>>> print(open('my_file17.cif').read())   # mmCIF, C-alpha atoms and all ligand atoms
data_input
loop_
_atom_site.label_atom_id
_atom_site.label_comp_id
_atom_site.auth_asym_id
_atom_site.auth_seq_id
_atom_site.Cartn_x
_atom_site.Cartn_y
_atom_site.Cartn_z
CA MET A 1 -34.40 -10.01 -3.22
CA SER A 2 -32.19 -11.50 -5.88
CA GLU A 3 -30.11 -9.06 -7.91
CA HIS A 4 -29.24 -11.60 -10.55
CA THR A 5 -32.29 -13.58 -11.50
CA GLY A 6 -35.18 -11.27 -10.71
CA SER A 7 -37.86 -11.54 -8.06
CA THR A 8 -40.58 -14.14 -7.83
CA VAL A 9 -44.05 -12.75 -7.31
CA SER A 10 -47.06 -14.59 -6.00
CA VAL A 11 -50.46 -12.92 -5.93
CA GLU A 12 -53.23 -14.77 -4.15
CA HIS A 13 -56.92 -13.96 -4.22
CA LEU A 14 -56.25 -10.26 -4.45
CA VAL A 15 -59.23 -7.91 -4.17
CA ARG A 16 -59.34 -4.10 -4.28
CA ARG A 17 -62.62 -2.21 -4.07
CA PHE A 18 -63.31 1.48 -4.48
CA GLY A 19 -66.26 3.57 -3.35
CA SER A 20 -69.29 2.47 -1.36
CA GLY A 21 -72.99 1.74 -1.77
CA ALA A 22 -74.25 1.97 -5.35
CA GLU A 23 -70.89 3.48 -6.36
CA ARG A 24 -68.98 0.46 -5.14
CA LEU A 25 -66.68 -1.07 -7.69
CA THR A 26 -64.29 -3.99 -7.58
CA ALA A 27 -61.21 -2.86 -9.51
CA VAL A 28 -59.25 -6.05 -8.83
CA ASP A 29 -61.52 -9.03 -8.33
CA ASP A 30 -59.92 -12.19 -6.93
CA VAL A 31 -56.71 -12.20 -8.95
CA SER A 32 -54.23 -15.03 -8.41
CA LEU A 33 -51.00 -15.10 -10.36
CA THR A 34 -47.49 -16.48 -9.99
CA ILE A 35 -44.64 -14.80 -11.85
CA GLY A 36 -41.29 -16.54 -12.05
CA ALA A 37 -37.88 -14.93 -11.60
CA GLY A 38 -36.83 -13.19 -14.79
CA GLU A 39 -40.20 -13.48 -16.51
CA VAL A 40 -41.41 -10.55 -18.62
CA VAL A 41 -45.19 -10.43 -18.42
CA ALA A 42 -47.49 -8.23 -20.49
CA LEU A 43 -50.55 -7.14 -18.53
CA THR A 44 -53.29 -6.26 -20.99
CA GLY A 45 -56.99 -5.51 -20.94
CA PRO A 46 -59.24 -2.57 -21.80
CA SER A 47 -59.07 0.74 -20.01
CA GLY A 48 -60.61 0.35 -16.55
CA SER A 49 -59.92 -3.39 -16.36
CA GLY A 50 -57.68 -3.00 -13.30
CA LYS A 51 -54.15 -3.03 -14.73
CA SER A 52 -52.88 0.05 -12.88
CA THR A 53 -54.56 -0.97 -9.64
CA LEU A 54 -52.95 -4.41 -9.81
CA LEU A 55 -49.53 -2.84 -10.40
CA HIS A 56 -50.06 -0.50 -7.43
CA LEU A 57 -51.04 -3.42 -5.20
CA ILE A 58 -47.98 -5.44 -6.24
CA GLY A 59 -45.79 -2.38 -5.69
CA ALA A 60 -47.40 -1.83 -2.25
CA ILE A 61 -48.43 1.68 -3.29
CA GLU A 62 -51.97 0.62 -2.40
CA GLN A 63 -53.24 -1.96 0.06
CA PRO A 64 -55.66 -4.70 -0.98
CA ASP A 65 -59.01 -5.31 0.72
CA GLU A 66 -58.36 -9.04 0.54
CA GLY A 67 -55.60 -11.39 -0.51
CA THR A 68 -51.83 -11.29 -0.46
CA VAL A 69 -48.85 -10.29 -2.57
CA THR A 70 -45.68 -12.23 -1.82
CA VAL A 71 -42.39 -11.09 -3.34
CA ASP A 72 -39.35 -13.30 -2.83
CA GLY A 73 -41.14 -15.03 0.00
CA VAL A 74 -42.14 -11.85 1.86
CA ASP A 75 -45.82 -10.95 2.23
CA VAL A 76 -45.62 -7.29 1.24
CA THR A 77 -49.26 -6.62 2.08
CA GLY A 78 -48.44 -7.22 5.74
CA LEU A 79 -45.45 -4.88 5.91
CA ARG A 80 -45.41 -1.98 8.32
CA ARG A 81 -43.65 1.33 7.79
CA ALA A 82 -39.98 0.43 7.85
CA GLY A 83 -40.46 -2.78 5.92
CA LEU A 84 -42.71 -1.04 3.43
CA ALA A 85 -40.20 1.73 2.82
CA ARG A 86 -37.48 -0.86 2.27
CA TYR A 87 -39.66 -2.88 -0.12
CA ARG A 88 -40.67 0.18 -2.17
CA GLN A 89 -37.04 1.07 -2.66
CA ARG A 90 -36.46 -2.40 -4.07
CA VAL A 91 -39.26 -2.23 -6.64
CA GLY A 92 -38.79 -0.14 -9.76
CA PHE A 93 -41.78 1.79 -11.13
CA VAL A 94 -42.04 3.25 -14.62
CA PHE A 95 -45.07 5.27 -15.73
CA GLN A 96 -46.55 6.31 -19.06
CA ARG A 97 -45.79 10.00 -18.45
CA TYR A 98 -42.22 9.54 -17.18
CA HIS A 99 -42.77 11.77 -14.10
CA LEU A 100 -39.33 13.34 -14.21
CA LEU A 101 -38.64 16.40 -12.09
CA PRO A 102 -38.42 19.22 -14.67
CA ALA A 103 -35.97 21.40 -12.74
CA LEU A 104 -33.46 18.58 -12.26
CA THR A 105 -30.85 17.36 -14.70
CA VAL A 106 -30.83 13.82 -16.06
CA LEU A 107 -28.21 12.87 -13.47
CA ASP A 108 -30.18 14.33 -10.56
CA ASN A 109 -33.41 12.72 -11.76
CA VAL A 110 -31.69 9.33 -11.73
CA LEU A 111 -30.28 10.13 -8.29
CA ALA A 112 -33.67 11.31 -6.99
CA PRO A 113 -34.44 8.05 -5.12
CA VAL A 114 -31.25 8.57 -3.08
CA LEU A 115 -31.25 12.38 -3.23
CA PRO A 116 -30.36 13.07 0.40
CA ARG A 117 -27.21 11.03 -0.17
CA ARG A 118 -26.62 12.03 -3.79
CA GLY A 119 -23.02 13.02 -3.19
CA ARG A 120 -21.92 9.54 -2.30
CA ALA A 121 -19.39 8.31 -4.80
CA ASP A 122 -21.01 4.88 -5.14
CA HIS A 123 -24.40 6.43 -5.91
CA LEU A 124 -22.88 8.74 -8.48
CA ALA A 125 -21.03 5.87 -10.11
CA GLN A 126 -24.17 3.75 -10.17
CA ALA A 127 -26.25 6.58 -11.65
CA ARG A 128 -23.67 7.16 -14.38
CA ASP A 129 -23.58 3.44 -15.16
CA LEU A 130 -27.36 3.35 -15.45
CA ILE A 131 -27.42 6.45 -17.67
CA ASP A 132 -24.89 4.69 -19.85
CA ALA A 133 -26.94 1.45 -19.80
CA VAL A 134 -30.05 3.28 -21.06
CA GLY A 135 -28.06 4.91 -23.87
CA LEU A 136 -27.84 8.46 -22.54
CA ALA A 137 -24.14 8.81 -21.77
CA GLY A 138 -23.13 12.42 -22.34
CA ARG A 139 -26.61 13.80 -21.51
CA GLU A 140 -26.14 13.81 -17.71
CA ARG A 141 -26.52 17.59 -17.47
CA ALA A 142 -29.50 17.94 -19.82
CA LEU A 143 -32.90 18.97 -18.47
CA PRO A 144 -35.94 16.79 -19.27
CA ALA A 145 -37.47 19.50 -21.49
CA HIS A 146 -34.50 19.15 -23.82
CA LEU A 147 -35.01 15.43 -24.29
CA SER A 148 -37.38 13.50 -26.57
CA GLY A 149 -40.15 11.38 -25.05
CA GLY A 150 -38.16 8.21 -25.61
CA GLN A 151 -35.11 9.75 -23.93
CA GLN A 152 -37.21 10.89 -20.97
CA GLN A 153 -38.55 7.36 -20.58
CA ARG A 154 -34.95 6.09 -20.63
CA VAL A 155 -34.16 8.46 -17.74
CA ALA A 156 -37.22 7.18 -15.87
CA ILE A 157 -36.05 3.59 -16.39
CA ALA A 158 -32.55 4.42 -15.11
CA ARG A 159 -34.12 6.08 -12.06
CA ALA A 160 -36.30 3.01 -11.44
CA LEU A 161 -33.17 0.84 -11.34
CA MET A 162 -31.30 2.95 -8.73
CA GLY A 163 -32.55 0.75 -5.89
CA ARG A 164 -31.23 -2.35 -7.74
CA PRO A 165 -34.73 -3.82 -7.89
CA GLY A 166 -35.48 -7.43 -8.68
CA LEU A 167 -38.90 -6.36 -9.94
CA LEU A 168 -39.81 -3.65 -12.42
CA LEU A 169 -43.44 -2.58 -12.68
CA ALA A 170 -44.20 -0.54 -15.79
CA ASP A 171 -47.58 1.10 -16.42
CA GLU A 172 -47.97 1.58 -20.18
CA PRO A 173 -44.33 2.65 -20.53
CA THR A 174 -44.57 3.00 -24.32
CA GLY A 175 -48.07 4.51 -24.32
CA ASN A 176 -46.84 8.03 -25.13
CA LEU A 177 -44.27 6.97 -27.71
CA ASP A 178 -44.39 6.25 -31.42
CA SER A 179 -44.07 2.57 -32.31
CA THR A 180 -40.39 2.73 -33.32
CA THR A 181 -39.40 4.48 -30.09
CA GLY A 182 -41.66 2.13 -28.14
CA ALA A 183 -39.88 -0.86 -29.69
CA GLN A 184 -36.52 0.63 -28.65
CA ILE A 185 -37.75 1.03 -25.08
CA LEU A 186 -38.79 -2.60 -25.11
CA ASP A 187 -35.36 -3.62 -26.48
CA LEU A 188 -33.87 -1.71 -23.58
CA LEU A 189 -36.08 -3.38 -20.97
CA LEU A 190 -35.39 -6.86 -22.36
CA GLY A 191 -31.65 -6.12 -22.37
CA LEU A 192 -31.80 -4.86 -18.79
CA ARG A 193 -33.65 -8.03 -17.79
CA GLU A 194 -30.62 -10.03 -18.92
CA ARG A 195 -27.97 -7.71 -17.49
CA HIS A 196 -29.53 -6.73 -14.20
CA GLY A 197 -31.68 -9.79 -13.50
CA LEU A 198 -35.17 -8.34 -13.51
CA THR A 199 -38.67 -9.66 -13.43
CA ILE A 200 -40.86 -7.27 -15.41
CA LEU A 201 -44.61 -6.75 -15.28
CA LEU A 202 -45.67 -4.32 -17.92
CA ALA A 203 -49.17 -2.99 -18.62
CA THR A 204 -49.71 -2.30 -22.30
CA HIS A 205 -52.36 -1.84 -24.99
CA GLU A 206 -49.93 -2.49 -27.81
CA GLN A 207 -49.85 -5.83 -29.57
CA ALA A 208 -46.29 -5.28 -30.81
CA VAL A 209 -45.15 -4.78 -27.21
CA ALA A 210 -47.15 -7.65 -25.71
CA ALA A 211 -45.97 -10.07 -28.42
CA ARG A 212 -42.36 -9.64 -27.31
CA CYS A 213 -43.05 -10.58 -23.71
CA ASP A 214 -42.76 -14.13 -22.32
CA ARG A 215 -46.31 -14.23 -21.22
CA LEU A 216 -49.56 -12.35 -21.67
CA VAL A 217 -52.04 -11.92 -18.83
CA ARG A 218 -55.26 -10.22 -19.85
CA LEU A 219 -57.65 -8.63 -17.38
CA GLY A 220 -61.36 -8.02 -17.87
CA ASP A 221 -63.38 -6.29 -15.15
CA GLY A 222 -60.64 -6.91 -12.61
CA ARG A 223 -60.31 -10.62 -13.32
CA VAL A 224 -57.73 -12.65 -15.21
CA VAL A 225 -59.48 -13.70 -18.42
CA GLU A 226 -56.43 -15.00 -20.28
CA ASP A 227 -52.97 -16.23 -19.30
CA LEU A 228 -50.85 -17.22 -22.30
CA ASP A 229 -47.31 -18.54 -22.47
CA LEU A 230 -45.66 -16.82 -25.45
CA THR A 231 -42.32 -18.63 -25.14
CA ASP A 232 -43.44 -22.02 -26.40
CA GLY A 233 -41.08 -22.21 -29.34
CA GLU A 234 -43.09 -20.51 -32.07
CA ASP A 235 -41.28 -18.09 -34.27
CA PRO A 236 -41.83 -14.42 -33.44
CA ALA A 237 -44.10 -13.81 -36.43
CA ASP A 238 -46.47 -16.55 -35.22
CA THR A 239 -46.45 -15.09 -31.71
CA TYR A 240 -47.29 -11.70 -33.16
CA ASP A 241 -50.19 -13.17 -35.15
CA ARG A 242 -51.46 -14.95 -32.09
CA VAL A 243 -51.36 -11.78 -29.99
CA ALA A 244 -52.82 -9.73 -32.85
CA ARG A 245 -55.91 -11.95 -32.82
CA LEU A 246 -56.58 -10.97 -29.22
CA ARG A 247 -58.28 -7.72 -28.37
CA LEU A 248 -55.92 -6.09 -25.89
N1 LIG B 1 -58.51 5.80 -6.65
C1 LIG B 1 -59.61 5.33 -7.24
N2 LIG B 1 -60.83 5.67 -6.78
C2 LIG B 1 -61.97 5.18 -7.35
N3 LIG B 1 -61.96 4.35 -8.41
C3 LIG B 1 -60.78 3.98 -8.92
C4 LIG B 1 -59.55 4.45 -8.37
N4 LIG B 1 -58.51 3.92 -9.09
C5 LIG B 1 -59.08 3.15 -10.03
N5 LIG B 1 -60.43 3.18 -9.94
C6 LIG B 1 -61.37 2.45 -10.79
O1 LIG B 1 -60.96 1.08 -10.80
C7 LIG B 1 -61.14 0.52 -12.08
C8 LIG B 1 -59.80 0.00 -12.58
O2 LIG B 1 -58.97 1.11 -12.86
P1 LIG B 1 -57.47 0.96 -13.32
O3 LIG B 1 -56.78 0.00 -12.43
O4 LIG B 1 -56.92 2.33 -13.43
O5 LIG B 1 -57.64 0.28 -14.77
P2 LIG B 1 -56.67 0.30 -16.03
O6 LIG B 1 -55.30 0.65 -15.57
O7 LIG B 1 -56.79 -1.09 -16.60
O8 LIG B 1 -57.24 1.32 -16.98
C9 LIG B 1 -61.72 1.63 -12.96
O9 LIG B 1 -63.11 1.47 -12.98
C10 LIG B 1 -61.33 2.88 -12.23
O10 LIG B 1 -62.23 3.92 -12.50
MG MG B 2 -54.04 2.18 -16.14
#
>>> encode(input="my_file17.cif", output="structure tokens")
Amino acid sequence: MSEHTGSTVSVEHLVRRFGSGAERLTAVDDVSLTIGAGEVVALTGPSGSGKSTLLHLIGAIEQPDEGTVTVDGVDVTGLRRAGLARYRQRVGFVFQRYHLLPALTVLDNVLAPVLPRRGRADHLAQARDLIDAVGLAGRERALPAHLSGGQQQRVAIARALMGRPGLLLADEPTGNLDSTTGAQILDLLLGLRERHGLTILLATHEQAVAARCDRLVRLGDGRVVEDLDLTDGEDPADTYDRVARLRL
């Protein structure tokens, strides 16, 4: 996986069903999608449209019933244990509710993905660099409860980057934050894209967030109902108007 340009992702005819009989439901219904290295894609759609499920399938947290997910040329749906563990370490995940460990300091939360080897000097140096990169230098020893929501999300982003991923999957990362703090988190992600070479797929309900991405993919009932390039040279205000006309 490239550390400098971001991963390429190719999703083909992906299907994920839940339940059985009359309760059967197709959460992701024949989704095909190609995401280029370094692209920042907003994944939108109403609640229940399949955004989280699609992120879980791409992150190999869940297995599809049909179809494939290929990341940097590797079919991750076909991976077995060792390969799967390696792949999951190389994908960053960020969630709406941060999911920090409350008893651990900022530094130890960022080190959590490598916790058994936390004492290694290179891991410590990397964690400190990431804490610096997300704007929390000096707060290494703080506990999550002593941080604001935006700061906790910054810790979660630093943690997600510990495995030096080429792909960051973010499930409504600004959903718990006020719009100013949400915009700062987006600034951070876009800056990290440049510095660390990341492809970012980000589920969101917020027009102001989606409008700053390169591309908007909208789901409806598990299917792609819209796929818009937002980089085609308009000024940002026009892009915002265009996204604002959509129901996310
Ligand atoms: N583990 C699960 N078991 C049963 N149904 C699920 C499960 N996860 C998601 N679903 C259903 O799949 C559909 C898509 O859910 P989800 O991917 O969470 O949508 P979104 O993130 O867009 O709100 C919803 O109808 C949801 O209830
Ligand atoms: Mg969701």
>>> closest_atom_pairs(input="my_file17.cif", of="chain A", to="ligand MG 2 (chain B)", cutoff="7 Å", atoms="all atoms listed in the file", output="JSON lines")
{"residue": "A:Ser47", "atom": "CA", "partner": "B:MG2", "partner_atom": "MG", "distance": 6.5}
{"residue": "A:Gly48", "atom": "CA", "partner": "B:MG2", "partner_atom": "MG", "distance": 6.8}
{"residue": "A:Gly50", "atom": "CA", "partner": "B:MG2", "partner_atom": "MG", "distance": 6.9}
{"residue": "A:Lys51", "atom": "CA", "partner": "B:MG2", "partner_atom": "MG", "distance": 5.4}
{"residue": "A:Ser52", "atom": "CA", "partner": "B:MG2", "partner_atom": "MG", "distance": 4.1}
{"residue": "A:Asp171", "atom": "CA", "partner": "B:MG2", "partner_atom": "MG", "distance": 6.6}
>>> atom_distance(input="my_file17.cif", atom1="CA of Val106 (chain A)", atom2="CA of Val40 (chain A)")
26.7 Å
>>> axis_aligned_box(input="my_file17.cif", around="ligand LIG 1 (chain B)", padding_each_side="5 Å", output="JSON")
{"center_x": -59.2, "center_y": 2.4, "center_z": -11.8, "size_x": 17.8, "size_y": 16.9, "size_z": 20.3}
>>> closest_atom_pairs(input="my_file17.cif", of="chain A", to="ligand LIG 1 (chain B)", cutoff="10 Å", atoms="only C-alpha atoms and all ligand atoms", output="tab-separated table")
residue	atom	partner	partner_atom	distance
A:Arg16	CA	B:LIG1	O1	8.5
A:Arg17	CA	B:LIG1	O1	7.7
A:Phe18	CA	B:LIG1	C2	4.9
A:Gly19	CA	B:LIG1	C2	6.1
A:Ser20	CA	B:LIG1	C2	9.8
A:Glu23	CA	B:LIG1	C2	9.1
A:Arg24	CA	B:LIG1	N3	8.7
A:Leu25	CA	B:LIG1	O1	6.9
A:Thr26	CA	B:LIG1	O1	6.9
A:Ala27	CA	B:LIG1	O1	4.2
A:Val28	CA	B:LIG1	C8	7.1
A:Leu43	CA	B:LIG1	O7	8.9
A:Thr44	CA	B:LIG1	O7	7.6
A:Gly45	CA	B:LIG1	O7	6.2
A:Pro46	CA	B:LIG1	O7	5.9
A:Ser47	CA	B:LIG1	O8	3.6
A:Gly48	CA	B:LIG1	O5	3.5
A:Ser49	CA	B:LIG1	O7	3.9
A:Gly50	CA	B:LIG1	O3	3.3
A:Lys51	CA	B:LIG1	O7	3.8
A:Ser52	CA	B:LIG1	O6	3.7
A:Thr53	CA	B:LIG1	O3	3.7
A:Leu54	CA	B:LIG1	O3	6.4
A:Leu55	CA	B:LIG1	O3	8.0
A:His56	CA	B:LIG1	O3	8.4
A:Leu57	CA	B:LIG1	O3	9.8
A:Glu62	CA	B:LIG1	N1	9.4
A:Asp171	CA	B:LIG1	O6	7.8
A:Glu172	CA	B:LIG1	O6	8.7
A:Ala203	CA	B:LIG1	O6	7.8
A:Thr204	CA	B:LIG1	O7	9.2
A:His205	CA	B:LIG1	O7	9.5
A:Arg218	CA	B:LIG1	O7	9.8
A:Leu219	CA	B:LIG1	O7	7.6
A:Gly220	CA	B:LIG1	O7	8.4
A:Asp221	CA	B:LIG1	C8	7.7
A:Gly222	CA	B:LIG1	C8	7.0
>>> residues_around(input="my_file17.cif", residues="Leu186 (chain A)", least_positions_apart="3", cutoff="12 Å", atoms="all atoms listed in the file", output="count of residues only")
33
>>> closest_residue(input="my_file17.cif", among="A:Thr8, A:Thr199, A:Thr34, A:Asn109", to="Gly73 (chain A)", atoms="all atoms listed in the file")
A:Thr8
>>> atom_distance(input="my_file17.cif", atom1="CA of Leu246 (chain A)", atom2="CA of Glu226 (chain A)")
9.8 Å
>>> closest_residue(input="my_file17.cif", among="A:Ile35, A:Leu79, A:Ala160, A:Val155", to="Asp214 (chain A)", atoms="only C-alpha atoms")
A:Ile35
>>> atom_distance(input="my_file17.cif", atom1="CA of Val74 (chain A)", atom2="CA of Tyr87 (chain A)")
9.5 Å
>>> closest_atom_pairs(input="my_file17.cif", of="region 31-134 of chain A", to="region 143-146 of chain A", cutoff="9 Å", atoms="all atoms listed in the file", output="Markdown table")
| residue | atom | partner | partner_atom | distance |
| --- | --- | --- | --- | --- |
| A:Leu100 | CA | A:Pro144 | CA | 7.0 |
| A:Leu101 | CA | A:Pro144 | CA | 7.7 |
| A:Pro102 | CA | A:Pro144 | CA | 5.8 |
| A:Ala103 | CA | A:Leu143 | CA | 6.9 |
| A:Leu104 | CA | A:Leu143 | CA | 6.2 |
| A:Thr105 | CA | A:Leu143 | CA | 4.6 |
| A:Val106 | CA | A:Leu143 | CA | 6.1 |
| A:Asn109 | CA | A:Pro144 | CA | 8.9 |
>>> closest_residue(input="my_file17.cif", among="A:Glu140, A:Gly83, A:Leu167, A:Leu115", to="Val71 (chain A)", atoms="only C-alpha atoms")
A:Leu167
>>> closest_residue(input="my_file17.cif", among="A:Ala158, A:Leu230, A:Ile185, A:Val15", to="Pro64 (chain A)", atoms="all atoms listed in the file")
A:Val15
>>> closest_residue(input="my_file17.cif", among="A:Arg164, A:Arg215, A:Arg90, A:Arg120", to="Thr239 (chain A)", atoms="only C-alpha atoms")
A:Arg215
>>> residues_around(input="my_file17.cif", residues="Gly67 (chain A)", least_positions_apart="4", cutoff="10 Å", atoms="all atoms listed in the file", output="ChimeraX atom specification")
/A:11-16,30-32,63,77
>>> closest_residue(input="my_file17.cif", among="A:Ala127, A:Val114, A:Val243, A:Ala137", to="Gln151 (chain A)", atoms="all atoms listed in the file")
A:Ala137
>>> decode(input="my_file17.cif", residues="region 203-212 of chain A", atoms="all heavy atoms", output="mmCIF file, in the first residue's frame")
data_model
loop_
_atom_site.group_PDB
_atom_site.id
_atom_site.type_symbol
_atom_site.label_atom_id
_atom_site.label_comp_id
_atom_site.auth_asym_id
_atom_site.auth_seq_id
_atom_site.Cartn_x
_atom_site.Cartn_y
_atom_site.Cartn_z
ATOM 1 N N ALA A 203 -18.270 9.095 5.531
ATOM 2 C CA ALA A 203 -19.737 9.176 5.550
ATOM 3 C C ALA A 203 -20.140 10.445 6.284
ATOM 4 O O ALA A 203 -19.578 10.765 7.332
ATOM 5 C CB ALA A 203 -20.320 7.954 6.260
ATOM 6 N N THR A 204 -21.085 11.164 5.712
ATOM 7 C CA THR A 204 -21.524 12.400 6.373
ATOM 8 C C THR A 204 -22.941 12.766 5.969
ATOM 9 O O THR A 204 -23.415 12.415 4.894
ATOM 10 C CB THR A 204 -20.578 13.583 6.044
ATOM 11 O OG1 THR A 204 -20.998 14.724 6.788
ATOM 12 C CG2 THR A 204 -20.592 13.927 4.556
ATOM 13 N N HIS A 205 -23.613 13.484 6.864
ATOM 14 C CA HIS A 205 -24.933 14.063 6.578
ATOM 15 C C HIS A 205 -24.819 15.553 6.326
ATOM 16 O O HIS A 205 -25.811 16.211 6.047
ATOM 17 C CB HIS A 205 -25.853 13.896 7.787
ATOM 18 C CG HIS A 205 -26.420 12.535 7.928
ATOM 19 N ND1 HIS A 205 -27.311 12.009 7.028
ATOM 20 C CD2 HIS A 205 -26.223 11.574 8.851
ATOM 21 C CE1 HIS A 205 -27.640 10.801 7.402
ATOM 22 N NE2 HIS A 205 -26.978 10.502 8.503
ATOM 23 N N GLU A 206 -23.612 16.091 6.491
ATOM 24 C CA GLU A 206 -23.493 17.550 6.497
ATOM 25 C C GLU A 206 -23.059 18.101 5.148
ATOM 26 O O GLU A 206 -22.024 17.723 4.616
ATOM 27 C CB GLU A 206 -22.505 17.965 7.579
ATOM 28 C CG GLU A 206 -23.068 17.733 8.960
ATOM 29 C CD GLU A 206 -21.976 17.487 9.972
ATOM 30 O OE1 GLU A 206 -21.468 18.479 10.503
ATOM 31 O OE2 GLU A 206 -21.616 16.325 10.177
ATOM 32 N N GLN A 207 -23.853 19.019 4.633
ATOM 33 C CA GLN A 207 -23.549 19.611 3.332
ATOM 34 C C GLN A 207 -22.213 20.347 3.342
ATOM 35 O O GLN A 207 -21.446 20.263 2.386
ATOM 36 C CB GLN A 207 -24.673 20.562 2.923
ATOM 37 C CG GLN A 207 -25.772 19.790 2.222
ATOM 38 C CD GLN A 207 -27.156 20.290 2.531
ATOM 39 O OE1 GLN A 207 -27.340 21.106 3.437
ATOM 40 N NE2 GLN A 207 -28.119 19.795 1.797
ATOM 41 N N ALA A 208 -21.931 21.043 4.448
ATOM 42 C CA ALA A 208 -20.689 21.823 4.509
ATOM 43 C C ALA A 208 -19.465 20.904 4.475
ATOM 44 O O ALA A 208 -18.401 21.293 3.995
ATOM 45 C CB ALA A 208 -20.665 22.681 5.770
ATOM 46 N N VAL A 209 -19.614 19.703 4.989
ATOM 47 C CA VAL A 209 -18.521 18.725 4.961
ATOM 48 C C VAL A 209 -18.417 18.110 3.562
ATOM 49 O O VAL A 209 -17.347 18.093 2.946
ATOM 50 C CB VAL A 209 -18.746 17.630 6.034
ATOM 51 C CG1 VAL A 209 -17.778 16.472 5.860
ATOM 52 C CG2 VAL A 209 -18.610 18.237 7.441
ATOM 53 N N ALA A 210 -19.540 17.657 3.037
ATOM 54 C CA ALA A 210 -19.541 17.007 1.720
ATOM 55 C C ALA A 210 -19.013 17.947 0.640
ATOM 56 O O ALA A 210 -18.272 17.526 -0.254
ATOM 57 C CB ALA A 210 -20.950 16.527 1.377
ATOM 58 N N ALA A 211 -19.367 19.230 0.746
ATOM 59 C CA ALA A 211 -18.994 20.191 -0.304
ATOM 60 C C ALA A 211 -17.491 20.397 -0.399
ATOM 61 O O ALA A 211 -16.993 20.877 -1.412
ATOM 62 C CB ALA A 211 -19.693 21.532 -0.059
ATOM 63 N N ARG A 212 -16.759 20.035 0.648
ATOM 64 C CA ARG A 212 -15.305 20.228 0.621
ATOM 65 C C ARG A 212 -14.570 18.980 0.126
ATOM 66 O O ARG A 212 -13.345 19.000 0.012
ATOM 67 C CB ARG A 212 -14.826 20.644 2.003
ATOM 68 C CG ARG A 212 -15.401 22.030 2.360
ATOM 69 C CD ARG A 212 -14.893 22.497 3.663
ATOM 70 N NE ARG A 212 -13.441 22.596 3.648
ATOM 71 C CZ ARG A 212 -12.709 22.669 4.753
ATOM 72 N NH1 ARG A 212 -13.290 22.643 5.929
ATOM 73 N NH2 ARG A 212 -11.413 22.770 4.665
#
